[in-house]
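Enquirer: Next up is a structure, given as structure tokens.
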Amino acid sequence: MATIHIDKSHPQSRIAPEIYGHFSEHLGRCIYEGIFVKPDSGIPNENGMRTDVVQALREIHVPVLRWPGGCFADEYHWQDGVGPRERRKKMVNTHWGGVTEDNSFGTHEYFELCRQLGCKTYVNGNVGSGTVREMSEWVEYMTFGGVSPMADLRAQNGHEEPWRLDYFGVGNENWGCGGNMTPEYYANLYRRYQTYVRQYDPAAPIAKICGGPNVDDVNWTRRVLDTCYASPQAPGAHGYMDGLSLHYYVHPGGWDHKGSATDFTEDEYYITMKKALYMEDLIAMHSAIMNEYDPEKSIGLMVDEWGAWYDVEPGTNPGFLYQQNTMRDALVAAVTLNIFNSHCDRVRLACLAQMVNVIQSVLLTEGPRMIRTPTWHVFRMYRDHQGARLLPLTVAGAGTAGSRDAQVPALHASASLGGDGAVTVTAANLSLTEGQHVSLTGLDPASVTGTLLAAEAHAHNTFDEPEVVKEAPLAVKVTDKGVEFDLPPCSVAALRLQ
Ligand code: AHR
């Protein structure tokens, strides 16, 4: 029997709800078709936002949504996406399939989407090909409440009141698609650009996110912090930033041979798990550097792009990054979210890439049809961790699972204490062959409920069979040994203990 022992008497940091955030880029069918349809479309919508998609996203409590990219952000000129839709300037989306972007989804549409989702806003600005003035005017357009050229333009375009802008990213992947810069060059640009991200409303400050490293590029982290955090001229405790981003994708076969989303071997499954667990090492490695500059942990590590990225579905546009989503991806999501929880003292925001129809999506659409992926179910099952306080736990007796090339811990778990006194426990069984009988100790609950997501690793939902993978009640027994339950091979469970 495996045990998960929980220490309820020592609650730790709060798990920022934003750790459960999402990312939507102008890429493939994420925004267009997936989220936004023309208001006169036959697909039911409110102001262009698909009602089925918004409803499904509300069920998982999306806390924050990053937009408009990604690589697209450093080519995006916001003025092209405001004003009457029929007069908006078109552009070529050079990063993603070379398709024509008609800019019918712009700033007003983004804030309308966030309003419908009830989530915080995270807009990513353009450093790679945009000017300081352009960025500065965008912030003025979005957030200034008085009389000014940009506030007047916003009112003229139909929105009198300023919006609440919670996070602003100053560039994206500026070591790569965002301008191929050196860390020193980017850091100096960051200092300059962020100066003009004005805080018009002191009661609603905008958190500034500095472009951080790719995967394990610790040199980038150090060089950028040297200039943007630790500068003697830096104002206030945070230097010039509130967060540093980190991007990491799981590619089981490496960047050039990512592999199929649905057709994979046992070995590839375990390699995927091992690579998902590597998130822990990455967070530890970048946090160690951040701790040198910022031991008080006043700035956050924002993992604003993560997910399992495979080859596109056969026959689809290679630039659209459309992939299926299996039970393997549910396990990737489960361990990654457990890892974020366990580092919530430093990780303050994370965004799954991407929300609909791109990479590891929570939803897939085809015309008027929509399906929830296994990853959606994990986000739903984990939603009670949002805003709760992390509880320390130890896992024992579960052993390891794996193949010749990749050994992983068989059982992976997380626990938190909610404001209502309820404890949420999430646990994943990574083994493809062995079930786990688990005893949860350290708690003395009056009532326990649980949900289970269990299926063969390749199992996935399709438009014809949308409920192959779905949640079921978890059978739980309270005994003198603790709270006992069974985790079948390749499964995820969530328990609420009151
Ligand atoms: O999410 C797809 C792309 O991956 C993003 O545009 C970019 O930031 C990253 O390389």
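Lettering and numbering for the structure tokens are positional, with chains as A, B, ... in the shown order, residues counted from 1 in each chain, and ligands counted from 1 in the shown order.
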Could you report the residues within 6 Å of ligand 1, using only C-alpha atoms and all ligand atoms, as a count of residues only?
Expert: 5
Enquirer: Would you mind telling me which residue in A:Tyr76, A:Tyr190, A:Phe463, A:Trp306 lies nearest to Ile371 (chain A) when using only C-alpha atoms?
Expert: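 The shortest atom-to-atom distance to Ile371 (chain A) comes from A:Phe463.
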Enquirer: Using only C-alpha atoms, which residues sit within 9 Å of region 474-477 of chain A once same-chain residues fewer than 5 positions away are excluded, as a VMD selection string?
Expert: chain A and resid 448 to 453 482 to 487 493 to 495
Enquirer: Take the residues just selected and output them with all heavy atoms as a compact mmCIF listing (two decimals), in the first residue's frame.
Expert:
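Generated file (selection20.txt):
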```
# COMPACT_ATOMS: atom_id res chain seq x y z
N VAL A 448 -15.72 12.90 2.98
CA VAL A 448 -14.76 12.86 1.86
C VAL A 448 -15.53 12.62 0.57
O VAL A 448 -16.41 11.75 0.51
CB VAL A 448 -13.75 11.69 2.02
CG1 VAL A 448 -12.67 11.78 0.94
CG2 VAL A 448 -13.13 11.66 3.39
N THR A 449 -15.19 13.39 -0.45
CA THR A 449 -15.72 13.11 -1.78
C THR A 449 -14.54 13.07 -2.74
O THR A 449 -13.50 13.67 -2.48
CB THR A 449 -16.72 14.19 -2.26
OG1 THR A 449 -16.08 15.45 -2.16
CG2 THR A 449 -18.01 14.19 -1.47
N GLY A 450 -14.71 12.36 -3.83
CA GLY A 450 -13.58 12.26 -4.76
C GLY A 450 -14.03 12.04 -6.19
O GLY A 450 -15.15 11.58 -6.46
N THR A 451 -13.14 12.40 -7.10
CA THR A 451 -13.38 12.25 -8.54
C THR A 451 -12.19 11.54 -9.14
O THR A 451 -11.05 11.78 -8.74
CB THR A 451 -13.50 13.65 -9.20
OG1 THR A 451 -14.39 14.42 -8.43
CG2 THR A 451 -14.01 13.55 -10.61
N LEU A 452 -12.45 10.69 -10.12
CA LEU A 452 -11.39 9.92 -10.76
C LEU A 452 -11.44 10.09 -12.27
O LEU A 452 -12.51 10.07 -12.88
CB LEU A 452 -11.58 8.43 -10.42
CG LEU A 452 -10.56 7.46 -11.01
CD1 LEU A 452 -9.19 7.66 -10.38
CD2 LEU A 452 -11.02 6.02 -10.83
N LEU A 453 -10.26 10.28 -12.86
CA LEU A 453 -10.12 10.30 -14.32
C LEU A 453 -9.18 9.14 -14.64
O LEU A 453 -8.00 9.19 -14.29
CB LEU A 453 -9.51 11.63 -14.76
CG LEU A 453 -9.53 11.93 -16.26
CD1 LEU A 453 -10.97 12.20 -16.74
CD2 LEU A 453 -8.64 13.13 -16.58
N GLY A 482 -6.53 5.37 7.64
CA GLY A 482 -6.61 6.64 6.90
C GLY A 482 -7.74 6.61 5.90
O GLY A 482 -8.66 5.80 6.00
N VAL A 483 -7.65 7.49 4.93
CA VAL A 483 -8.65 7.53 3.87
C VAL A 483 -8.09 6.69 2.71
O VAL A 483 -7.04 7.01 2.17
CB VAL A 483 -8.88 8.98 3.42
CG1 VAL A 483 -9.84 9.04 2.24
CG2 VAL A 483 -9.40 9.82 4.58
N GLU A 484 -8.78 5.61 2.38
CA GLU A 484 -8.21 4.68 1.39
C GLU A 484 -8.96 4.74 0.07
O GLU A 484 -10.19 4.88 0.04
CB GLU A 484 -8.25 3.26 1.95
CG GLU A 484 -7.35 3.11 3.15
CD GLU A 484 -7.24 1.68 3.62
OE1 GLU A 484 -7.17 0.77 2.77
OE2 GLU A 484 -7.26 1.48 4.85
N PHE A 485 -8.20 4.63 -1.00
CA PHE A 485 -8.80 4.59 -2.34
C PHE A 485 -7.84 3.91 -3.31
O PHE A 485 -6.65 3.77 -3.02
CB PHE A 485 -9.16 6.01 -2.83
CG PHE A 485 -8.00 6.96 -2.89
CD1 PHE A 485 -7.30 7.16 -4.07
CD2 PHE A 485 -7.59 7.68 -1.78
CE1 PHE A 485 -6.23 8.05 -4.15
CE2 PHE A 485 -6.52 8.57 -1.84
CZ PHE A 485 -5.84 8.75 -3.02
N ASP A 486 -8.39 3.49 -4.43
CA ASP A 486 -7.58 2.83 -5.46
C ASP A 486 -7.38 3.76 -6.63
O ASP A 486 -8.32 4.39 -7.12
CB ASP A 486 -8.29 1.55 -5.96
CG ASP A 486 -8.14 0.44 -4.94
OD1 ASP A 486 -7.01 0.19 -4.52
OD2 ASP A 486 -9.18 -0.15 -4.55
N LEU A 487 -6.12 3.80 -7.09
CA LEU A 487 -5.79 4.56 -8.31
C LEU A 487 -5.43 3.54 -9.38
O LEU A 487 -4.36 2.93 -9.32
CB LEU A 487 -4.59 5.46 -8.06
CG LEU A 487 -4.80 6.85 -7.48
CD1 LEU A 487 -3.46 7.56 -7.34
CD2 LEU A 487 -5.72 7.66 -8.36
N ALA A 493 -6.68 11.47 -9.56
CA ALA A 493 -7.81 11.59 -8.63
C ALA A 493 -7.75 12.93 -7.93
O ALA A 493 -6.67 13.51 -7.75
CB ALA A 493 -7.76 10.47 -7.59
N ALA A 494 -8.92 13.43 -7.57
CA ALA A 494 -9.01 14.65 -6.74
C ALA A 494 -9.96 14.36 -5.60
O ALA A 494 -11.06 13.84 -5.81
CB ALA A 494 -9.51 15.82 -7.58
N LEU A 495 -9.55 14.68 -4.36
CA LEU A 495 -10.39 14.43 -3.19
C LEU A 495 -10.62 15.74 -2.44
O LEU A 495 -9.73 16.59 -2.38
CB LEU A 495 -9.71 13.44 -2.23
CG LEU A 495 -9.51 12.02 -2.73
CD1 LEU A 495 -8.16 11.87 -3.37
CD2 LEU A 495 -9.66 11.03 -1.60
```
Enquirer: From the set A:Ala204, A:Val478, A:Met285, A:Leu165, which residue has the shortest atom-to-atom contact distance to Ser447 (chain A), counting only C-alpha atoms?
Expert: A:Val478
Enquirer: Please run DSSP on the backbone and report, as an MDAnalysis selection string, all residues within region 63-302 of chain A that come out as alpha helix (DSSP H).
Expert: chainID A and resid 107:117 132:143 149:156 183:195 218:228 266:293
Enquirer: Just want the 6 Å neighbourhood of Ala415 (chain A), counted on only C-alpha atoms, with same-chain residues fewer than 4 positions away dropped. Output as a PyMOL selection string.
Expert: chain A and resi 391+424-425
Enquirer: Go through A:Asp263, A:Asp217, A:Asp7, A:Glu101 and flag the residue nearest Val395 (chain A), using only C-alpha atoms for the distances.
Expert: A:Asp7
Enquirer: Leaving out region 56-62 of chain A and any residue of its chain fewer than 2 positions from it, which residues lie within 8 Å of it when counting only C-alpha atoms, given as an mmCIF file with N, CA, C and O atoms, in the first residue's frame?
Expert:
```
data_model
loop_
_atom_site.group_PDB
_atom_site.id
_atom_site.type_symbol
_atom_site.label_atom_id
_atom_site.label_comp_id
_atom_site.auth_asym_id
_atom_site.auth_seq_id
_atom_site.Cartn_x
_atom_site.Cartn_y
_atom_site.Cartn_z
ATOM 1 N N TYR A 20 -3.168 28.568 -12.556
ATOM 2 C CA TYR A 20 -4.070 27.761 -13.399
ATOM 3 C C TYR A 20 -4.505 28.535 -14.652
ATOM 4 O O TYR A 20 -5.575 28.313 -15.191
ATOM 5 N N GLY A 21 -3.626 29.435 -15.115
ATOM 6 C CA GLY A 21 -3.959 30.318 -16.225
ATOM 7 C C GLY A 21 -3.828 29.676 -17.601
ATOM 8 O O GLY A 21 -3.321 28.558 -17.748
ATOM 9 N N HIS A 22 -4.273 30.423 -18.600
ATOM 10 C CA HIS A 22 -4.301 29.926 -19.992
ATOM 11 C C HIS A 22 -3.729 30.977 -20.939
ATOM 12 O O HIS A 22 -3.560 32.147 -20.582
ATOM 13 N N ASP A 52 -20.661 27.911 -26.158
ATOM 14 C CA ASP A 52 -20.252 26.592 -25.645
ATOM 15 C C ASP A 52 -18.846 26.653 -25.050
ATOM 16 O O ASP A 52 -18.581 26.120 -23.964
ATOM 17 N N VAL A 53 -17.943 27.360 -25.734
ATOM 18 C CA VAL A 53 -16.550 27.457 -25.282
ATOM 19 C C VAL A 53 -16.471 28.264 -23.982
ATOM 20 O O VAL A 53 -15.811 27.849 -23.014
ATOM 21 N N VAL A 54 -17.159 29.386 -23.939
ATOM 22 C CA VAL A 54 -17.121 30.219 -22.729
ATOM 23 C C VAL A 54 -17.681 29.440 -21.535
ATOM 24 O O VAL A 54 -17.103 29.438 -20.437
ATOM 25 N N VAL A 64 -6.833 33.655 -15.420
ATOM 26 C CA VAL A 64 -6.146 34.706 -16.174
ATOM 27 C C VAL A 64 -5.938 34.188 -17.594
ATOM 28 O O VAL A 64 -5.778 32.982 -17.806
ATOM 29 N N LEU A 65 -5.954 35.121 -18.560
ATOM 30 C CA LEU A 65 -5.776 34.718 -19.957
ATOM 31 C C LEU A 65 -4.742 35.610 -20.626
ATOM 32 O O LEU A 65 -4.895 36.838 -20.670
ATOM 33 N N LEU A 117 -15.485 35.473 -19.307
ATOM 34 C CA LEU A 117 -14.853 34.391 -18.545
ATOM 35 C C LEU A 117 -14.730 34.741 -17.060
ATOM 36 O O LEU A 117 -14.518 33.860 -16.229
ATOM 37 N N GLY A 118 -14.802 36.036 -16.752
ATOM 38 C CA GLY A 118 -14.623 36.472 -15.363
ATOM 39 C C GLY A 118 -13.172 36.277 -14.924
ATOM 40 O O GLY A 118 -12.909 35.914 -13.772
ATOM 41 N N CYS A 119 -12.220 36.516 -15.837
ATOM 42 C CA CYS A 119 -10.819 36.249 -15.493
ATOM 43 C C CYS A 119 -9.988 37.525 -15.520
ATOM 44 O O CYS A 119 -10.412 38.567 -16.037
ATOM 45 N N ARG A 372 -14.444 18.465 -24.787
ATOM 46 C CA ARG A 372 -13.553 18.696 -23.649
ATOM 47 C C ARG A 372 -12.454 17.637 -23.713
ATOM 48 O O ARG A 372 -12.753 16.456 -23.872
ATOM 49 N N TRP A 376 -8.719 19.194 -19.968
ATOM 50 C CA TRP A 376 -9.803 20.019 -19.386
ATOM 51 C C TRP A 376 -10.251 19.410 -18.060
ATOM 52 O O TRP A 376 -10.454 20.112 -17.064
ATOM 53 N N PHE A 379 -7.923 20.175 -15.198
ATOM 54 C CA PHE A 379 -8.098 21.557 -14.705
ATOM 55 C C PHE A 379 -9.373 21.683 -13.863
ATOM 56 O O PHE A 379 -9.405 22.413 -12.884
ATOM 57 N N ARG A 380 -10.409 20.970 -14.276
ATOM 58 C CA ARG A 380 -11.653 21.039 -13.485
ATOM 59 C C ARG A 380 -11.445 20.403 -12.103
ATOM 60 O O ARG A 380 -11.846 20.928 -11.084
ATOM 61 N N ARG A 383 -9.386 22.571 -9.614
ATOM 62 C CA ARG A 383 -9.727 23.996 -9.466
ATOM 63 C C ARG A 383 -9.787 24.448 -8.003
ATOM 64 O O ARG A 383 -9.599 25.627 -7.715
#
```
Enquirer: Skipping near chain neighbours, those fewer than 4 positions away, what residues fall within 8 Å of region 289-291 of chain A using only C-alpha atoms, listed as number ranges by chain?
Expert: A: 218, 221-222, 225, 285, 295-297
Enquirer: Might you pull out every residue within 9 Å of Tyr32 (chain A), with only C-alpha atoms counted and same-chain residues fewer than 6 positions away left off, and present them as a list in words?
Expert: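 Those residues are His26, Lys38 and Phe105 of chain A.
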Enquirer: Could you take the residues named above and write them with N, CA, C and O atoms, as a PDB file, in the first residue's frame?
Expert:
```pdb
ATOM      1  N   HIS A  26      -2.962  34.399 -31.537  1.00  0.00           N
ATOM      2  CA  HIS A  26      -3.491  34.417 -32.909  1.00  0.00           C
ATOM      3  C   HIS A  26      -2.707  33.362 -33.678  1.00  0.00           C
ATOM      4  O   HIS A  26      -1.700  33.655 -34.321  1.00  0.00           O
ATOM      5  N   LYS A  38     -17.833  35.276 -36.098  1.00  0.00           N
ATOM      6  CA  LYS A  38     -18.488  36.544 -36.417  1.00  0.00           C
ATOM      7  C   LYS A  38     -19.846  36.548 -35.710  1.00  0.00           C
ATOM      8  O   LYS A  38     -20.534  35.520 -35.661  1.00  0.00           O
ATOM      9  N   PHE A 105     -10.489  40.267 -34.299  1.00  0.00           N
ATOM     10  CA  PHE A 105     -10.388  40.102 -32.842  1.00  0.00           C
ATOM     11  C   PHE A 105      -9.237  41.008 -32.386  1.00  0.00           C
ATOM     12  O   PHE A 105      -8.082  40.802 -32.765  1.00  0.00           O
TER      13      PHE A 105
END
```
Enquirer: Taking into account only C-alpha atoms, which residue in the set A:Asn214, A:Ser403, A:Ser439, A:Gln324 is nearest to Asp480 (chain A)?
Expert: A:Ser439
Enquirer: Which region 363-477 of chain A residues have any atom within 9 Å of an atom of region 335-341 of chain A, and for each, what is the nearest pair of atoms with distance in Å to one decimal, counting only C-alpha atoms, rows sorted by chain and number, as JSON lines?
Expert:
```
{"residue": "A:Phe379", "atom": "CA", "partner": "A:Leu337", "partner_atom": "CA", "distance": 8.7}
{"residue": "A:Tyr382", "atom": "CA", "partner": "A:Leu337", "partner_atom": "CA", "distance": 8.2}
{"residue": "A:His385", "atom": "CA", "partner": "A:Asn341", "partner_atom": "CA", "distance": 8.0}
{"residue": "A:Leu390", "atom": "CA", "partner": "A:Asn341", "partner_atom": "CA", "distance": 6.7}
{"residue": "A:His412", "atom": "CA", "partner": "A:Val335", "partner_atom": "CA", "distance": 6.5}
{"residue": "A:Ala413", "atom": "CA", "partner": "A:Asn338", "partner_atom": "CA", "distance": 6.3}
{"residue": "A:Ser414", "atom": "CA", "partner": "A:Asn338", "partner_atom": "CA", "distance": 5.3}
{"residue": "A:Ala415", "atom": "CA", "partner": "A:Asn341", "partner_atom": "CA", "distance": 8.4}
{"residue": "A:Ser416", "atom": "CA", "partner": "A:Asn341", "partner_atom": "CA", "distance": 8.5}
{"residue": "A:Thr426", "atom": "CA", "partner": "A:Asn338", "partner_atom": "CA", "distance": 7.6}
{"residue": "A:Ala427", "atom": "CA", "partner": "A:Asn338", "partner_atom": "CA", "distance": 8.4}
{"residue": "A:Ala428", "atom": "CA", "partner": "A:Val335", "partner_atom": "CA", "distance": 7.1}
```
Enquirer: Go ahead and write the residues just picked, C-alpha atoms, as an mmCIF file, in the first residue's frame.
Expert:
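Result file out_20.cif:
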```
data_model
loop_
_atom_site.group_PDB
_atom_site.id
_atom_site.type_symbol
_atom_site.label_atom_id
_atom_site.label_comp_id
_atom_site.auth_asym_id
_atom_site.auth_seq_id
_atom_site.Cartn_x
_atom_site.Cartn_y
_atom_site.Cartn_z
ATOM 1 C CA PHE A 379 -8.098 21.557 -14.705
ATOM 2 C CA TYR A 382 -7.740 20.765 -9.624
ATOM 3 C CA HIS A 385 -6.369 24.390 -5.276
ATOM 4 C CA LEU A 390 -0.128 24.542 0.097
ATOM 5 C CA HIS A 412 2.699 12.148 -7.683
ATOM 6 C CA ALA A 413 0.546 14.266 -5.367
ATOM 7 C CA SER A 414 -0.316 17.700 -4.025
ATOM 8 C CA ALA A 415 -2.483 18.999 -1.176
ATOM 9 C CA SER A 416 -3.897 22.355 -0.115
ATOM 10 C CA THR A 426 -4.752 15.571 -6.089
ATOM 11 C CA ALA A 427 -2.857 12.408 -6.975
ATOM 12 C CA ALA A 428 -1.685 10.848 -10.214
#
```
Enquirer: Nearest residue to Pro488 (chain A) out of A:Ile15, A:Val378, A:Val469, A:Val438, using only C-alpha atoms?
Expert: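 Among the listed residues, the smallest separation from Pro488 (chain A) belongs to A:Val438.
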